[in-house]
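Student: entry39.pdb (PDB, C-alpha atoms) pasted underneath:
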```
ATOM      1  CA  ALA A  70       0.000   0.000   0.000
ATOM      2  CA  PRO A  71       1.214   3.568  -0.613
ATOM      3  CA  VAL A  72       2.992   5.228   2.298
ATOM      4  CA  ASN A  73       2.033   8.760   3.270
ATOM      5  CA  LEU A  74       2.015  10.941   6.377
ATOM      6  CA  ARG A  75      -1.384   9.723   7.541
ATOM      7  CA  SER A  76      -0.771   6.020   6.937
ATOM      8  CA  GLN A  77       2.686   5.953   8.507
ATOM      9  CA  VAL A  78       1.766   7.926  11.618
ATOM     10  CA  LEU A  79      -1.290   5.705  12.092
ATOM     11  CA  GLU A  80       0.974   2.633  11.946
ATOM     12  CA  CYS A  81       3.692   4.031  14.198
ATOM     13  CA  SER A  82       1.178   5.269  16.791
ATOM     14  CA  TYR A  83      -1.143   2.235  16.648
ATOM     15  CA  ASN A  84      -4.006   4.560  15.698
ATOM     16  CA  LYS A  85      -3.375   6.969  18.565
ATOM     17  CA  LEU A  86      -2.695   9.845  16.172
ATOM     18  CA  GLU A  87      -4.379  10.398  12.827
ATOM     19  CA  PHE A  88      -3.893  13.312  10.449
ATOM     20  CA  VAL A  89      -7.263  13.827   8.773
ATOM     21  CA  PRO A  90      -7.665  16.119   5.729
ATOM     22  CA  LEU A  91      -9.801  19.171   6.361
ATOM     23  CA  THR A  92     -13.402  18.867   5.212
ATOM     24  CA  ASP A  93     -14.037  20.607   1.896
ATOM     25  CA  ARG A  94     -14.724  24.296   2.439
ATOM     26  CA  THR A  95     -15.788  27.058   0.056
ATOM     27  CA  ARG A  96     -14.179  30.497   0.009
ATOM     28  CA  VAL A  97     -16.333  33.352   1.261
ATOM     29  CA  THR A  98     -14.949  35.528  -1.539
ATOM     30  CA  GLN A  99     -13.391  34.784  -4.904
ATOM     31  CA  ASN A 100     -12.042  38.302  -5.353
ATOM     32  CA  PHE A 101      -8.543  37.272  -4.356
ATOM     33  CA  GLY A 102      -8.075  34.205  -6.551
ATOM     34  CA  GLY A 103      -6.934  30.898  -5.139
ATOM     35  CA  SER A 104      -9.225  27.929  -4.675
ATOM     36  CA  ASP A 105     -11.680  26.313  -2.309
ATOM     37  CA  ILE A 106     -10.378  23.705   0.129
ATOM     38  CA  VAL A 107     -10.752  20.302  -1.538
ATOM     39  CA  ASN A 108      -9.368  17.057  -0.071
ATOM     40  CA  GLY A 109      -7.409  19.056   2.487
ATOM     41  CA  ALA A 110      -5.573  21.188  -0.092
ATOM     42  CA  VAL A 111      -5.963  24.820  -1.122
ATOM     43  CA  THR A 112      -4.244  27.135  -3.596
ATOM     44  CA  VAL A 113      -3.488  30.626  -2.315
ATOM     45  CA  ASP A 114      -2.600  33.488  -4.655
ATOM     46  CA  VAL A 115      -0.392  36.223  -3.207
ATOM     47  CA  ASN A 116       1.177  39.379  -4.638
ATOM     48  CA  THR A 117       4.590  38.414  -3.334
ATOM     49  CA  ALA A 118       7.768  37.749  -5.311
ATOM     50  CA  VAL A 119       9.836  34.682  -4.457
ATOM     51  CA  SER A 120      12.799  37.023  -4.092
ATOM     52  CA  GLU A 121      11.156  38.536  -1.007
ATOM     53  CA  GLY A 122      11.839  35.273   0.844
ATOM     54  CA  HIS A 123       9.953  32.677   2.833
ATOM     55  CA  THR A 124       9.010  34.834   5.819
ATOM     56  CA  VAL A 125       7.266  37.454   3.688
ATOM     57  CA  MET A 126       5.689  34.705   1.586
ATOM     58  CA  ARG A 127       4.294  32.704   4.499
ATOM     59  CA  ASN A 128       2.919  35.841   6.173
ATOM     60  CA  ALA A 129       1.181  36.779   2.927
ATOM     61  CA  ILE A 130      -0.319  33.283   2.702
ATOM     62  CA  THR A 131      -1.581  33.526   6.276
ATOM     63  CA  SER A 132      -3.235  36.880   5.550
ATOM     64  CA  GLN A 133      -4.900  35.530   2.433
ATOM     65  CA  LEU A 134      -6.213  32.426   4.198
ATOM     66  CA  LYS A 135      -7.899  34.607   6.796
ATOM     67  CA  ILE A 136      -9.583  36.696   4.104
ATOM     68  CA  MET A 137     -10.535  33.783   1.843
ATOM     69  CA  PHE A 138     -12.230  31.817   4.618
ATOM     70  CA  ASP A 139     -13.244  34.618   7.003
ATOM     71  CA  VAL A 140     -11.245  33.432  10.007
ATOM     72  CA  SER A 141      -9.146  35.415  12.481
ATOM     73  CA  HIS A 142      -6.406  32.777  12.508
ATOM     74  CA  PRO A 143      -5.566  29.769  10.283
ATOM     75  CA  ARG A 144      -5.834  27.530  13.352
ATOM     76  CA  GLN A 145      -9.593  28.032  13.047
ATOM     77  CA  LEU A 146      -9.315  26.017   9.830
ATOM     78  CA  ALA A 147      -7.092  23.133  10.955
ATOM     79  CA  ASP A 148      -4.787  21.908  13.721
ATOM     80  CA  HIS A 149      -1.807  21.718  11.352
ATOM     81  CA  ILE A 150      -1.204  23.519   8.068
ATOM     82  CA  MET A 151       1.610  22.803   5.605
ATOM     83  CA  TYR A 152       2.779  25.733   3.480
ATOM     84  CA  CYS A 153       4.280  24.503   0.195
ATOM     85  CA  LEU A 154       6.211  27.474  -1.200
ATOM     86  CA  PRO A 155       7.154  28.076  -4.844
ATOM     87  CA  PRO A 156      10.683  27.170  -5.970
ATOM     88  CA  GLY A 157      13.242  29.868  -5.251
ATOM     89  CA  THR A 158      11.468  31.220  -2.170
ATOM     90  CA  MET A 159      13.699  29.518   0.407
ATOM     91  CA  GLY A 160      16.856  27.503   0.782
ATOM     92  CA  GLY A 161      17.012  24.120   2.482
ATOM     93  CA  ILE A 162      14.181  21.597   2.611
ATOM     94  CA  ALA A 163      11.637  22.638   5.219
ATOM     95  CA  TYR A 164      11.101  23.952   8.719
ATOM     96  CA  ALA A 165       8.381  23.907  11.327
ATOM     97  CA  PHE A 166       7.455  25.657  14.538
ATOM     98  CA  ILE A 167       8.060  23.711  17.735
ATOM     99  CA  ASN A 168       4.814  22.685  19.411
ATOM    100  CA  GLY A 169       3.039  24.762  16.769
ATOM    101  CA  TRP A 170       0.656  24.458  13.839
ATOM    102  CA  MET A 171       2.686  25.587  10.819
ATOM    103  CA  SER A 172       5.286  23.809   8.723
ATOM    104  CA  VAL A 173       6.909  25.327   5.641
ATOM    105  CA  TYR A 174       8.350  23.429   2.676
ATOM    106  CA  ASN A 175      10.552  24.188  -0.294
ATOM    107  CA  ASP A 176       8.458  23.342  -3.349
ATOM    108  CA  SER A 177       8.198  19.584  -4.038
ATOM    109  CA  TRP A 178       9.742  18.635  -0.687
ATOM    110  CA  CYS A 179       6.247  19.033   0.765
ATOM    111  CA  THR A 180       5.207  15.847  -1.069
ATOM    112  CA  PHE A 181       7.644  13.407   0.569
ATOM    113  CA  PRO A 182       6.435  11.431   3.629
ATOM    114  CA  SER A 183       9.707  11.496   5.568
ATOM    115  CA  VAL A 184       9.882  15.305   5.339
ATOM    116  CA  GLN A 185       6.250  15.630   6.382
ATOM    117  CA  MET A 186       6.777  13.314   9.379
ATOM    118  CA  HIS A 187       9.935  15.182  10.372
ATOM    119  CA  GLU A 188       8.218  18.574  10.351
ATOM    120  CA  MET A 189       5.050  17.271  12.014
ATOM    121  CA  GLY A 190       7.416  15.864  14.635
ATOM    122  CA  HIS A 191       8.540  19.414  15.384
ATOM    123  CA  ASN A 192       4.891  20.483  15.659
ATOM    124  CA  LEU A 193       4.538  17.646  18.196
ATOM    125  CA  ASN A 194       7.454  19.057  20.245
ATOM    126  CA  LEU A 195      10.161  16.697  18.949
ATOM    127  CA  ALA A 196      13.735  17.902  18.432
ATOM    128  CA  HIS A 197      16.332  16.611  15.993
ATOM    129  CA  SER A 198      17.965  13.194  16.138
ATOM    130  CA  ASN A 199      21.741  13.404  15.838
ATOM    131  CA  GLU A 200      24.684  11.034  15.738
ATOM    132  CA  ALA A 201      28.065  12.749  16.152
ATOM    133  CA  ARG A 202      26.667  15.533  13.947
ATOM    134  CA  ALA A 203      23.255  17.071  13.327
ATOM    135  CA  TYR A 204      20.560  14.939  11.650
ATOM    136  CA  ASN A 205      22.884  11.948  11.352
ATOM    137  CA  ASP A 206      20.690   9.468  13.268
ATOM    138  CA  GLN A 207      18.960   7.694  10.391
ATOM    139  CA  SER A 208      17.174   5.114  12.534
ATOM    140  CA  GLY A 209      14.116   7.386  12.614
ATOM    141  CA  VAL A 210      12.554  10.349  10.853
ATOM    142  CA  MET A 211      13.846  13.168  13.062
ATOM    143  CA  GLY A 212      17.268  12.872  11.409
ATOM    144  CA  TYR A 213      17.677  13.250   7.657
ATOM    145  CA  SER A 214      14.769  13.378   5.230
ATOM    146  CA  TYR A 215      14.574  11.569   1.897
ATOM    147  CA  ARG A 216      13.395  12.482  -1.575
ATOM    148  CA  GLN A 217      11.065   9.482  -1.797
ATOM    149  CA  ASP A 218       7.400   9.525  -2.770
ATOM    150  CA  ASP A 219       6.589   6.288  -0.959
ATOM    151  CA  GLY A 220       8.642   5.882   2.183
ATOM    152  CA  PRO A 221      10.972   5.043   3.747
ATOM    153  CA  GLN A 222       8.805   3.121   6.193
ATOM    154  CA  MET A 223      10.239   3.961   9.597
ATOM    155  CA  CYS A 224       9.171   5.698  12.776
ATOM    156  CA  PHE A 225      11.067   7.488  15.544
ATOM    157  CA  ASN A 226      14.134   6.559  17.583
ATOM    158  CA  ALA A 227      13.915   5.225  21.133
ATOM    159  CA  ALA A 228      14.042   8.620  22.877
ATOM    160  CA  LYS A 229      11.378  10.140  20.635
ATOM    161  CA  SER A 230       9.223   7.009  20.917
ATOM    162  CA  TRP A 231       9.342   7.308  24.712
ATOM    163  CA  GLN A 232       8.468  11.015  24.570
ATOM    164  CA  LEU A 233       5.483  10.533  22.255
ATOM    165  CA  GLY A 234       3.793   8.266  24.789
ATOM    166  CA  TRP A 235       2.184   6.042  22.180
ATOM    167  CA  TYR A 236       3.334   2.781  23.757
ATOM    168  CA  GLU A 237       2.178   3.300  27.322
ATOM    169  CA  GLY A 238      -0.566   1.205  28.836
ATOM    170  CA  THR A 239       1.362  -2.076  28.820
ATOM    171  CA  ASN A 240       4.296  -3.427  30.826
ATOM    172  CA  GLN A 241       6.601  -2.958  27.839
ATOM    173  CA  LEU A 242       8.279   0.232  29.061
ATOM    174  CA  ILE A 243      10.929  -0.307  31.733
ATOM    175  CA  THR A 244      12.894   2.263  33.729
ATOM    176  CA  ILE A 245      16.257   1.277  35.225
ATOM    177  CA  SER A 246      17.954   3.551  37.764
ATOM    178  CA  THR A 247      20.446   3.496  40.651
ATOM    179  CA  GLY A 248      17.654   3.933  43.213
ATOM    180  CA  GLY A 249      15.096   1.596  41.675
ATOM    181  CA  VAL A 250      15.182  -1.440  39.400
ATOM    182  CA  ARG A 251      18.881  -1.837  38.571
ATOM    183  CA  SER A 252      18.831  -4.448  35.820
ATOM    184  CA  TYR A 253      16.915  -6.223  33.096
ATOM    185  CA  VAL A 254      18.012  -9.567  31.657
ATOM    186  CA  GLY A 255      15.871 -11.115  28.956
ATOM    187  CA  GLN A 256      14.300 -10.481  25.576
ATOM    188  CA  LEU A 257      14.013  -6.966  24.158
ATOM    189  CA  SER A 258      11.788  -6.220  21.174
ATOM    190  CA  GLY A 259      10.844  -3.029  19.325
ATOM    191  CA  ILE A 260       7.870  -0.814  18.653
ATOM    192  CA  VAL A 261       6.634  -3.105  15.863
ATOM    193  CA  ASN A 262       6.014  -5.652  18.654
ATOM    194  CA  TYR A 263       3.830  -3.435  20.818
ATOM    195  CA  ASP A 264       1.220  -5.551  22.571
ATOM    196  CA  HIS A 265      -1.774  -4.114  20.732
ATOM    197  CA  VAL A 266      -4.790  -6.293  20.049
ATOM    198  CA  ASN A 267      -4.675  -5.638  16.290
ATOM    199  CA  ASN A 268      -0.922  -6.118  15.899
ATOM    200  CA  PRO A 269      -0.012  -9.462  14.254
ATOM    201  CA  ASN A 270       3.597  -9.010  15.499
ATOM    202  CA  ARG A 271       2.619  -8.363  19.116
ATOM    203  CA  ASN A 272       4.470  -9.881  22.039
ATOM    204  CA  SER A 273       4.879  -9.078  25.717
ATOM    205  CA  ASN A 274       8.620  -8.286  25.689
ATOM    206  CA  PRO A 275       9.841  -4.864  26.770
ATOM    207  CA  ILE A 276      10.106  -2.570  23.735
ATOM    208  CA  LEU A 277      11.631   0.563  25.299
ATOM    209  CA  ILE A 278      14.044   0.716  28.224
ATOM    210  CA  LYS A 279      15.110   3.957  29.885
ATOM    211  CA  LEU A 280      18.348   4.183  31.857
ATOM    212  CA  ASN A 281      17.337   7.044  34.120
ATOM    213  CA  GLN A 282      19.737   9.466  35.809
ATOM    214  CA  ASN A 283      19.084  12.169  38.406
ATOM    215  CA  GLN A 284      17.748  15.136  36.450
ATOM    216  CA  LYS A 285      19.467  17.757  38.647
ATOM    217  CA  THR A 286      22.980  16.347  38.453
ATOM    218  CA  ASN A 287      22.925  14.243  35.267
ATOM    219  CA  PRO A 288      20.297  15.553  32.846
ATOM    220  CA  ASP A 289      21.009  12.955  30.139
ATOM    221  CA  ASP A 290      19.151   9.644  30.119
ATOM    222  CA  TYR A 291      19.619   6.647  27.809
ATOM    223  CA  TYR A 292      16.900   4.982  25.747
ATOM    224  CA  ILE A 293      17.249   1.467  24.365
ATOM    225  CA  THR A 294      15.219  -0.552  21.870
ATOM    226  CA  PHE A 295      15.591  -3.371  19.369
ATOM    227  CA  ASN A 296      15.223  -1.612  16.018
ATOM    228  CA  SER A 297      13.340  -4.440  14.323
ATOM    229  CA  LYS A 298      13.419  -4.068  10.554
ATOM    230  CA  ARG A 299       9.951  -5.333   9.695
ATOM    231  CA  SER A 300       6.364  -4.216   9.123
ATOM    232  CA  PHE A 301       5.965  -0.416   9.238
ATOM    233  CA  ASN A 302       9.637  -0.056  10.300
ATOM    234  CA  SER A 303      10.961  -2.270   7.498
ATOM    235  CA  GLU A 304      12.886   0.531   5.780
ATOM    236  CA  THR A 305      14.670   2.025   8.764
ATOM    237  CA  VAL A 306      17.832   3.388   7.188
ATOM    238  CA  GLU A 307      20.236   2.763  10.078
ATOM    239  CA  GLY A 308      20.598   0.290  12.916
ATOM    240  CA  GLY A 309      18.100  -2.198  11.494
ATOM    241  CA  ASN A 310      17.882  -5.404  13.561
ATOM    242  CA  GLN A 311      20.337  -3.995  16.087
ATOM    243  CA  VAL A 312      19.941  -2.733  19.635
ATOM    244  CA  THR A 313      20.132   1.044  19.468
ATOM    245  CA  ILE A 314      21.129   3.294  22.378
ATOM    246  CA  VAL A 315      20.089   6.940  22.279
ATOM    247  CA  ARG A 316      21.093   9.649  24.748
ATOM    248  CA  ALA A 317      18.787  12.610  25.447
ATOM    249  CA  SER A 318      17.870  15.065  28.171
ATOM    250  CA  GLY A 319      14.348  16.279  28.897
ATOM    251  CA  GLU A 320      13.356  13.290  31.034
ATOM    252  CA  GLY A 321      11.650  11.743  28.013
ATOM    253  CA  MET A 322       8.889  14.334  28.273
ATOM    254  CA  HIS A 323      10.252  17.601  26.898
ATOM    255  CA  TYR A 324      11.806  19.036  23.735
ATOM    256  CA  ALA A 325      15.407  17.803  23.570
ATOM    257  CA  GLU A 326      17.816  16.834  20.820
ATOM    258  CA  SER A 327      19.001  13.237  20.982
ATOM    259  CA  ASP A 328      22.205  11.428  20.035
ATOM    260  CA  LEU A 329      22.455   7.876  18.729
ATOM    261  CA  ILE A 330      25.525   6.674  20.586
ATOM    262  CA  SER A 331      25.638   2.948  19.846
ATOM    263  CA  LYS A 332      24.208   0.237  17.577
ATOM    264  CA  LEU A 333      24.863  -3.202  18.993
ATOM    265  CA  SER A 334      24.888  -6.513  17.141
ATOM    266  CA  ALA A 335      25.052  -9.887  18.886
ATOM    267  CA  HIS A 336      27.920 -10.383  21.357
ATOM    268  CA  ARG A 337      28.614  -6.653  21.643
ATOM    269  CA  SER A 338      28.430  -4.356  24.673
ATOM    270  CA  TYR A 339      28.325  -0.680  25.522
ATOM    271  CA  THR A 340      29.398   0.684  28.902
ATOM    272  CA  ILE A 341      28.530   3.981  30.576
ATOM    273  CA  THR A 342      31.103   4.579  33.293
ATOM    274  CA  ASN A 343      30.266   6.345  36.570
ATOM    275  CA  PHE A 344      26.581   6.051  35.808
ATOM    276  CA  ASP A 345      24.512   8.736  37.530
ATOM    277  CA  GLY A 346      27.591  10.015  39.351
ATOM    278  CA  THR A 347      28.280   6.703  41.098
ATOM    279  CA  THR A 348      31.257   4.366  40.906
ATOM    280  CA  ASP A 349      29.078   1.816  39.106
ATOM    281  CA  SER A 350      29.004   1.384  35.363
ATOM    282  CA  ALA A 351      25.858   0.761  33.372
ATOM    283  CA  THR A 352      26.425  -1.977  30.804
ATOM    284  CA  ILE A 353      24.227  -2.920  27.860
ATOM    285  CA  THR A 354      25.153  -6.328  26.413
ATOM    286  CA  VAL A 355      23.512  -8.049  23.466
ATOM    287  CA  ASN A 356      23.884 -11.788  23.952
ATOM    288  CA  GLU A 357      21.948 -12.998  20.899
ATOM    289  CA  ILE A 358      19.631 -11.632  18.213
ATOM    290  CA  SER A 359      16.696 -13.397  16.554
ATOM    291  CA  VAL A 360      15.657 -11.494  13.459
ATOM    292  CA  SER A 361      12.913 -13.995  12.613
ATOM    293  CA  HIS A 362      11.315 -13.630  16.052
ATOM    294  CA  SER A 363      12.080  -9.910  16.331
ATOM    295  CA  PHE A 364      13.983  -9.757  19.610
ATOM    296  CA  ALA A 365      17.416  -9.469  21.137
ATOM    297  CA  GLU A 366      18.563 -11.271  24.275
ATOM    298  CA  VAL A 367      20.041  -8.499  26.406
ATOM    299  CA  SER A 368      21.595  -7.839  29.780
ATOM    300  CA  ILE A 369      21.192  -4.239  30.915
ATOM    301  CA  CYS A 370      22.602  -3.641  34.366
ATOM    302  CA  ILE A 371      23.893  -0.985  36.723
ATOM    303  CA  GLY A 372      26.799  -2.725  38.427
ATOM    304  CA  ASP A 373      26.998  -6.499  38.130
ATOM    305  CA  CYS A 374      24.406  -8.533  36.245
ATOM    306  CA  ASP A 375      23.154 -11.476  38.268
ATOM    307  CA  PRO A 376      22.240 -14.082  37.247
ATOM    308  CA  ALA A 377      24.087 -14.454  33.952
ATOM    309  CA  PRO A 378      21.728 -14.802  30.969
ATOM    310  CA  THR A 379      21.246 -18.052  29.138
ATOM    311  CA  GLN A 380      22.695 -18.029  25.638
ATOM    312  CA  SER A 381      20.806 -19.365  22.644
ATOM    313  CA  PRO A 382      21.491 -19.597  18.921
ATOM    314  CA  THR A 383      20.369 -16.798  16.662
ATOM    315  CA  LEU A 384      20.070 -15.669  13.085
ATOM    316  CA  ALA A 385      22.467 -13.004  11.866
ATOM    317  CA  PRO A 386      20.826  -9.633  11.256
ATOM    318  CA  SER A 387      19.969  -9.018   7.625
ATOM    319  CA  GLN A 388      21.676  -6.317   5.626
ATOM    320  CA  SER A 389      20.099  -3.945   3.120
ATOM    321  CA  PRO A 390      21.240  -0.985   1.044
ATOM    322  CA  THR A 391      21.392   2.363   2.811
ATOM    323  CA  LEU A 392      19.601   5.315   1.247
ATOM    324  CA  ALA A 393      21.722   8.409   0.755
ATOM    325  CA  PRO A 394      20.551  11.205   3.073
ATOM    326  CA  SER A 395      19.154  14.350   1.599
ATOM    327  CA  GLN A 396      20.083  17.889   2.456
ATOM    328  CA  SER A 397      19.214  18.547   6.081
ATOM    329  CA  PRO A 398      15.930  20.265   7.042
ATOM    330  CA  THR A 399      15.893  23.102   9.482
TER
END
```
Give the structure from the file, written as structure tokens.

Tutor:
Amino acid sequence: APVNLRSQVLECSYNKLEFVPLTDRTRVTQNFGGSDIVNGAVTVDVNTAVSEGHTVMRNAITSQLKIMFDVSHPRQLADHIMYCLPPGTMGGIAYAFINGWMSVYNDSWCTFPSVQMHEMGHNLNLAHSNEARAYNDQSGVMGYSYRQDDGPQMCFNAAKSWQLGWYEGTNQLITISTGGVRSYVGQLSGIVNYDHVNNPNRNSNPILIKLNQNQKTNPDDYYITFNSKRSFNSETVEGGNQVTIVRASGEGMHYAESDLISKLSAHRSYTITNFDGTTDSATITVNEISVSHSFAEVSICIGDCDPAPTQSPTLAPSQSPTLAPSQSPT
């Protein structure tokens, strides 16, 4: 089936968020050109040259929308509005207002699902996903965007997935901290395995694990998932069928950029020394990976892991071509 903003967000959120096109609406006046709203789209005519830039252009569009449909603010028309500007009006790909209603796109970039999801992510209070440099985390859509009409099919990294809150309501989110539960040893799955009644890939394994530090002294926390490369996440560009570790502040609730700091295959570990200001290290070890069953056997512990996990045979993670990233959005 074709992939678009609505379909992919519905899949990623398990129907908790749906972008619905605005109901058809007729202009109150036709004296200013443009069109009626049909299937959620409208043409707006403005007396603005592309050389005047995107800020002047978007303000002119906003003014025209208010006149055309007799509203005091575009938010009276819809919760989110995408402004697709003519070529030459702006550089870059797109930008959006944090926790806002508007996103702005450079010409045809407004037609690509990954760009739309990225900018809607900003409207939903999500920050960028980085890896050593800005946008470089390609395990989810808050990194680079792609000039693809139909994909790639992927969602958000572990930190963003925690922040969105779509996977609450089960026992599949685990918090590990120095003052609480200090370890998890067992199977770890991913968001495609959320225990939802209509999910054919559902299981009861944890899908997101947060290594929590004291906010006042150590604002960064660590978010861990198995980035299963199947179903609606089958085209994740980076870290597919690996355990990904993402560092972010904001307590998993607030706007904060994240950093992908490790992608672990079977028999690999990552250690965070002096975790939460203590003498203990936090260690994430991947003992085995089963691609066919969509889980990794992991040991995630502050201090020593006890008891030692049982080892079992696994299938090697599959490999697939990586898509070249596009120019970075704002």

Student: Which polymer residues have any atom within 6 Å of an atom of range 280-290 of chain A, counting only C-alpha atoms, with same-chain residues fewer than 4 positions away left out, as a ChimeraX atom specification?

Tutor: /A:245-246,316-318,345

Student: List as a list in words the protein and nucleic acid residues near range 107-109 of chain A, meaning an atom at most 12 Å away when all atoms listed in the file are counted, but skip any in the same chain fewer than 4 places from it.

Tutor: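 These residues fall inside the cut-off: Phe88, Val89, Pro90, Leu91, Thr92, Asp93, Arg94, Thr95, Arg96, Gly103, Leu146, Ala147, Asp148, His149, Ile150 and Met151 of chain A.
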
Student: In the coordinate frame of the file, compute which residues have an atom within 8 Å of (20.8, -3.7, 41.4) when using all atoms listed in the file, and state them as a list in words.

Tutor: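 Output of the proximity query reads Thr247, Gly249, Val250, Arg251, Ser252, Cys370, Ile371, Gly372, Asp373 and Cys374 of chain A.
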
Student: Go ahead and write the selection's residues with C-alpha atoms as a PDB file, in the frame of the given file.

Tutor:
```pdb
ATOM      1  CA  THR A 247      20.446   3.496  40.651  1.00  0.00           C
ATOM      2  CA  GLY A 249      15.096   1.596  41.675  1.00  0.00           C
ATOM      3  CA  VAL A 250      15.182  -1.440  39.400  1.00  0.00           C
ATOM      4  CA  ARG A 251      18.881  -1.837  38.571  1.00  0.00           C
ATOM      5  CA  SER A 252      18.831  -4.448  35.820  1.00  0.00           C
ATOM      6  CA  CYS A 370      22.602  -3.641  34.366  1.00  0.00           C
ATOM      7  CA  ILE A 371      23.893  -0.985  36.723  1.00  0.00           C
ATOM      8  CA  GLY A 372      26.799  -2.725  38.427  1.00  0.00           C
ATOM      9  CA  ASP A 373      26.998  -6.499  38.130  1.00  0.00           C
ATOM     10  CA  CYS A 374      24.406  -8.533  36.245  1.00  0.00           C
TER      11      CYS A 374
END
```

Student: Can you turn the PyMOL selection byres ((chain A and resi 212) around 9) into a concrete residue list for this file, as a ChimeraX atom specification?

Tutor: /A:187,197-200,203-211,213-214,397-398

Student: Could you check the closest approach to Gly220 in chain A for each of A:Gln311, A:Phe181, A:Gly190, A:Lys332 and tell me which residue wins, using all atoms listed in the file?

Tutor: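 Of A:Gln311, A:Phe181, A:Gly190, A:Lys332, the one nearest Gly220 in chain A is A:Phe181, counting all atoms listed in the file.
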
Student: Around (13.7, 14.9, 24.0), as given in the file, which residues come within 9 Å? Count all atoms listed in the file and list them as a count of residues only.

Tutor: 19

Student: I'd like the contact shell of range 113-118 of chain A - 7 Å cut-off, all atoms listed in the file, skipping same-chain residues fewer than 2 positions apart - returned as a list of chain:residue names.

Tutor: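 The filter keeps A:Gly102, A:Gly103, A:Ser104, A:Val111, A:Ser120, A:Glu121, A:Met126, A:Ala129, A:Ile130, A:Gln133.
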
Student: Could you write those residues out with C-alpha atoms, as a compact mmCIF listing (two decimals), in the frame of the given file?

Tutor:
```txt
# COMPACT_ATOMS: atom_id res chain seq x y z
CA GLY A 102 -8.07 34.20 -6.55
CA GLY A 103 -6.93 30.90 -5.14
CA SER A 104 -9.22 27.93 -4.68
CA VAL A 111 -5.96 24.82 -1.12
CA SER A 120 12.80 37.02 -4.09
CA GLU A 121 11.16 38.54 -1.01
CA MET A 126 5.69 34.70 1.59
CA ALA A 129 1.18 36.78 2.93
CA ILE A 130 -0.32 33.28 2.70
CA GLN A 133 -4.90 35.53 2.43
```

Student: For range 142-152 of chain A, which lacks atoms in the input, supply N, CA, C and O atoms and format the output as an mmCIF file, in the frame of the given file.

Tutor:
```cif
data_model
loop_
_atom_site.group_PDB
_atom_site.id
_atom_site.type_symbol
_atom_site.label_atom_id
_atom_site.label_comp_id
_atom_site.auth_asym_id
_atom_site.auth_seq_id
_atom_site.Cartn_x
_atom_site.Cartn_y
_atom_site.Cartn_z
ATOM 1 N N HIS A 142 -7.697 33.476 12.440
ATOM 2 C CA HIS A 142 -6.406 32.777 12.508
ATOM 3 C C HIS A 142 -6.534 31.459 11.744
ATOM 4 O O HIS A 142 -7.588 30.804 11.827
ATOM 5 N N PRO A 143 -5.490 31.042 11.010
ATOM 6 C CA PRO A 143 -5.566 29.769 10.283
ATOM 7 C C PRO A 143 -5.868 28.565 11.166
ATOM 8 O O PRO A 143 -6.400 27.561 10.685
ATOM 9 N N ARG A 144 -5.533 28.639 12.448
ATOM 10 C CA ARG A 144 -5.834 27.530 13.352
ATOM 11 C C ARG A 144 -7.338 27.283 13.468
ATOM 12 O O ARG A 144 -7.758 26.229 13.936
ATOM 13 N N GLN A 145 -8.144 28.253 13.073
ATOM 14 C CA GLN A 145 -9.593 28.032 13.047
ATOM 15 C C GLN A 145 -9.990 27.118 11.890
ATOM 16 O O GLN A 145 -11.107 26.595 11.871
ATOM 17 N N LEU A 146 -9.060 26.922 10.948
ATOM 18 C CA LEU A 146 -9.315 26.017 9.830
ATOM 19 C C LEU A 146 -8.853 24.598 10.144
ATOM 20 O O LEU A 146 -9.555 23.635 9.845
ATOM 21 N N ALA A 147 -7.671 24.467 10.741
ATOM 22 C CA ALA A 147 -7.092 23.133 10.955
ATOM 23 C C ALA A 147 -6.078 23.174 12.082
ATOM 24 O O ALA A 147 -5.541 24.235 12.428
ATOM 25 N N ASP A 148 -5.792 22.016 12.650
ATOM 26 C CA ASP A 148 -4.787 21.908 13.721
ATOM 27 C C ASP A 148 -3.375 22.098 13.186
ATOM 28 O O ASP A 148 -2.505 22.628 13.879
ATOM 29 N N HIS A 149 -3.128 21.605 11.974
ATOM 30 C CA HIS A 149 -1.807 21.718 11.352
ATOM 31 C C HIS A 149 -1.980 22.125 9.895
ATOM 32 O O HIS A 149 -2.846 21.582 9.199
ATOM 33 N N ILE A 150 -1.151 23.070 9.452
ATOM 34 C CA ILE A 150 -1.204 23.519 8.068
ATOM 35 C C ILE A 150 0.207 23.507 7.482
ATOM 36 O O ILE A 150 1.142 24.032 8.093
ATOM 37 N N MET A 151 0.334 22.897 6.314
ATOM 38 C CA MET A 151 1.610 22.803 5.605
ATOM 39 C C MET A 151 1.619 23.845 4.487
ATOM 40 O O MET A 151 0.732 23.847 3.631
ATOM 41 N N TYR A 152 2.625 24.719 4.513
ATOM 42 C CA TYR A 152 2.779 25.733 3.480
ATOM 43 C C TYR A 152 3.822 25.233 2.468
ATOM 44 O O TYR A 152 5.002 25.110 2.801
#
```
